[in-house]
Structures are given as C-alpha cells and as structure tokens.
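Accompanying notes for the structure given below.
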Amino acid sequence: MTPWAALLSRVKPIAAKLEALHPPLLVVRVDGETTLVSVWPSAEDLEAHARFPGMPRLTLERRIAEVMDRLAQLYPSPRQSVEVCGQWPGNPPRLEVVAVARRSTRAGAEPAPARQGALA
C-alpha cells in the first residue's frame, strides 16, 4: 500500500483530528519536504461557504481527499513518508503532526503520537 492510499483510507479520522485541533494551516510533507501549505477551513467556514447560491457543499473529508489526490499526482512515489500536519503561526511556528504514512506501512497510516492532555 502506498503512503497516499494509506492516508486516503483514513480520511475521516484525519479530518476529525484536524477539526478537534483547529489549526489555521494544513501542511503536507513528503519525505521531510513541505509540499503543501494551505489555509484550513473550519466546518463552520465550509457551511458558510455553502450558503451562497451556486457554491458547492464541501466537507472536511472531501477537502482532505482532494488535497491527497492532487499531491499523489505530483509526488506519486514518496521514498520514505508522507505527513499531514496542522500549523499555527508563531516564532517558531507550532507544527502538530496529525497523521504519518510510511512507505513500508502495510496496514494503513500510523496515527500521530498523542500529546498529553490532547484529544487522540
């Protein structure tokens, strides 16, 4: 199983963890290199977006799946791993790993280690 397939199989838990953490930015790193930094909307932001006439109703799960599909086309064969992270501004910025999928992973993406006092 590729790291992309492993992450795509865990879209719901990844979205749930991102919703619980509320990071302003979504960061995806391939083999330790940052490949995507995107503003991460909250569920309320997506709901407000859908209220405008003609705008599609998006979900956090669909947004993650679209990001993963796009990056899988650009980086089809990661050598080591793919990490999905939440990032907050600051000096230095706070980067929270949400999910990691390694090339050798067979059963699926590894959950990120839980921080003490944080939701898993």
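Residue numbering restarts at 1 in every chain; chains get A, B, ... in the order shown in the structure tokens, and ligands count up from 1 in that same order.
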Enumerate, in order of chain and increasing residue number, the residues of segment 40-67 of chain A with an atom no farther than 12 Å from segment 84-100 of chain A, each with its shortest atom pair and distance in Å to one decimal, counting only C-alpha atoms, as JSON lines.
```
{"residue": "A:Trp40", "atom": "CA", "partner": "A:Gly86", "partner_atom": "CA", "distance": 8.4}
{"residue": "A:Pro41", "atom": "CA", "partner": "A:Gly86", "partner_atom": "CA", "distance": 11.5}
{"residue": "A:Ile64", "atom": "CA", "partner": "A:Val84", "partner_atom": "CA", "distance": 9.7}
{"residue": "A:Ala65", "atom": "CA", "partner": "A:Val84", "partner_atom": "CA", "distance": 11.9}
{"residue": "A:Val67", "atom": "CA", "partner": "A:Val84", "partner_atom": "CA", "distance": 10.5}
```
Those of segment 43-110 of chain A in DSSP strand (DSSP E or B), formatted as an MDAnalysis selection string: chainID A and resid 81:88 94:102 110
Coordinates-based distance that separates atom CA of Ala6 of chain A from atom CA of Val37 of chain A (Å, one decimal): 20.5 Å
Å distance separating atom CA of Leu46 of chain A from atom CA of Val28 of chain A, one decimal place: 20.4 Å
